[in-house]
Amino acid sequence: MASARRGSRSRGKEPRRAAPARRRAAKPRSGALHAVIMAGGSGTRFWPLSRRVLPKQFLPLGGEKSLIRETYERLLPLAGPSRIWVVSGRAHVDRVRKEIPELPRSRILGEPVGRNTAPCIGLAAHRVLREDRDARILVCPADHIIRPPRAFAKAVRGALRVLDATDGPGAPATVTFGIVPRYPATGFGYIERGAGVSAPGLDGVSAFRVAGFREKPDEEVARAYVKGGRHYWNSGIFLWKAGGVLSLIEKHIPDLAAGLRAIDEEGGETERRLARALERSFAALRGISIDYGVLEHAANISVAPVSFDWDDVGSWRAVERYAPRDADGNSVLGLHVGSDTKNCIVVGGKRIIGTLGVEDLVIVETEDAVLVCHRSATERLKEIVDRLTAKKLDRYL
């Protein structure tokens, strides 16, 4: 891979470049928990409110605070600001700082381009290891709604016991969080559980070996999953030892591992050096998800079933779950007057929206754009974004 070749060629001629690795090895052991917030995103699912410069993680879709702010506050009791990291697009770093002003600047890692979750997680794991060679990392998307926070914290503490009980030399452990399904969802991936995990130190924590990760099913299969009781929604939340996940990437995606290692060594200890290394080499990394690249091939994976309220806020239909409904089933955020209007989702800004004789619509108004679509079409919003791109109407993206 291009980035790995550039990094290894120069260091092969200059033995002094091995110094960063020696310094990292000398870091103290503590095994503290670090939290990594994945805050990438292109802003297509909630168009026209979300845009390239304002993806959904920066929107207050579940209340008064943005999704990324809620995620940060949910993690504070577990890690504290010095051990919380955010990986975002470089274009969104300033927005992250605005939403989380108390987060140290060195804890925000800006990717020059999106390369999916495996490079994101690997990058963060390398930086964490520079500070704690035994660190454990909890990886969370920035754009989920999870409530109540206490239930989430309890689940993480239980999962830490599972991680410690199952991790071993040559078999790095992965712990996933499986959401007990409330209905036969077709928009989520599923985790199938296998045998129960039995090991000293679990203290009654329930966990199972993962039998497999299942793709988003059709409705018939989803109903069978829910009825069978052996499948959970895949929350996209994972727990590893930082060195363990890097070992898994090394084993299953060796070219990516080499590129990440070169970036980390070139990035050294300073923000400026890391920014230059990312600019030079990150785009050459293979874009691949942690699910496809690692988890579908790894062996030592456990799932901890959890029952906290979880929502990945995947489309405008999510508004129905958080906005009040009127007597006709309309969910409204903003100014709206309607007559003979039923089961609509209406989101407005400064102007009032009036509706008459309509039902099952989604209507979203911003300063420069209006969306009108059927409630059943909200998962297809990328089609609108693609057409705007094709027509070179980038000012609306």
# chains A, B, ... in the order shown; residues from 1 in each chain; ligands from 1
>>> residues_around(residues="A:Leu202", least_positions_apart="2", cutoff="10 Å", atoms="only C-alpha atoms", output="list in words")
Gly158, Ala159, Leu160, Arg161, Val162, Leu163, Asp164, Ala165, Thr166, Val197, Ser198, Ala199, Pro200, Gly204, Val205, Ser206 and Ala207 of chain A
>>> select_by_dssp(residues="stretch 146-358 of chain A", states="helix (DSSP H, G or I)", output="VMD selection string")
chain A and resid 149 to 166 219 to 228 242 to 252 254 to 267 271 to 284 290 to 295 316 to 322
>>> select_by_dssp(residues="stretch 56-143 of chain A", states="strand (DSSP E or B)", output="PyMOL selection string")
chain A and resi 84-89+108-111+136-141
>>> residues_around(residues="stretch 135-150 of chain A", least_positions_apart="5", cutoff="7 Å", atoms="only C-alpha atoms", output="PyMOL selection string")
chain A and resi 30-39+56-57+62+67-68+71+74+129+236-242+308-313
>>> closest_residue(among="A:Trp47, A:Gly338, A:Arg209, A:Arg157", to="A:Ala79", atoms="only C-alpha atoms")
A:Arg157
>>> closest_residue(among="A:Ala258, A:Ile100, A:Ala224, A:Val180", to="A:Gly122", atoms="only C-alpha atoms")
A:Ala258
>>> closest_residue(among="A:Pro305, A:Glu383, A:Val294, A:Gly243", to="A:Asp134", atoms="only C-alpha atoms")
A:Gly243
>>> closest_atom_pairs(of="stretch 203-265 of chain A", to="stretch 282-287 of chain A", cutoff="9 Å", atoms="only C-alpha atoms", output="CSV")
residue,atom,partner,partner_atom,distance
A:Asp255,CA,A:Arg286,CA,7.9
A:Leu256,CA,A:Leu285,CA,6.1
A:Gly259,CA,A:Leu285,CA,6.3
A:Leu260,CA,A:Leu285,CA,7.9
A:Ile263,CA,A:Phe282,CA,7.5
>>> write_last_selection(atoms="C-alpha atoms", output="mmCIF file, in the first residue's frame")
data_model
loop_
_atom_site.group_PDB
_atom_site.id
_atom_site.type_symbol
_atom_site.label_atom_id
_atom_site.label_comp_id
_atom_site.auth_asym_id
_atom_site.auth_seq_id
_atom_site.Cartn_x
_atom_site.Cartn_y
_atom_site.Cartn_z
ATOM 1 C CA ASP A 255 -2.008 -3.783 4.579
ATOM 2 C CA LEU A 256 -4.184 -1.459 6.656
ATOM 3 C CA GLY A 259 -0.378 1.973 6.852
ATOM 4 C CA LEU A 260 -1.728 2.843 10.296
ATOM 5 C CA ILE A 263 1.090 7.122 10.195
#
>>> residues_around(residues="A:Cys344", least_positions_apart="2", cutoff="10 Å", atoms="only C-alpha atoms", output="PyMOL selection string")
chain A and resi 317+320+325+328-332+341-342+346-347+355+358-363+374-375
>>> residues_around(residues="A:Val87", least_positions_apart="6", cutoff="9 Å", atoms="only C-alpha atoms", output="list in words")
Val36, Ile37, Met38, Ala39, Gly40, Val93, Arg107, Ile108, Leu109, Gly110, Glu111, Cys120, Ile121, Leu123 and Ala124 of chain A
>>> atom_distance(atom1="atom CA of A:Val221", atom2="atom CA of A:Ser289")
24.1 Å
>>> residues_around(residues="A:Asp368", least_positions_apart="2", cutoff="8 Å", atoms="only C-alpha atoms", output="PyMOL selection string")
chain A and resi 366+370+396
>>> write_last_selection(atoms="C-alpha atoms", output="JSON list (two decimals), in the first residue's frame")
[["chain", "number", "residue", "atom", "x", "y", "z"],
["A", 366, "THR", "CA", -34.99, 25.00, 6.07],
["A", 370, "VAL", "CA", -37.83, 21.97, 1.41],
["A", 396, "TYR", "CA", -27.55, 22.48, -1.19]]
>>> atom_distance(atom1="atom CA of A:Thr270", atom2="atom CA of A:His252")
29.3 Å
>>> atom_distance(atom1="atom CA of A:Ile345", atom2="atom CA of A:Thr44")
17.8 Å
>>> closest_residue(among="A:Gly293, A:Gly201, A:Pro104, A:Pro60", to="A:Trp85", atoms="only C-alpha atoms")
A:Pro104
>>> closest_residue(among="A:Ala299, A:Ile288, A:Leu61, A:Ala222", to="A:Gly187", atoms="only C-alpha atoms")
A:Ala222
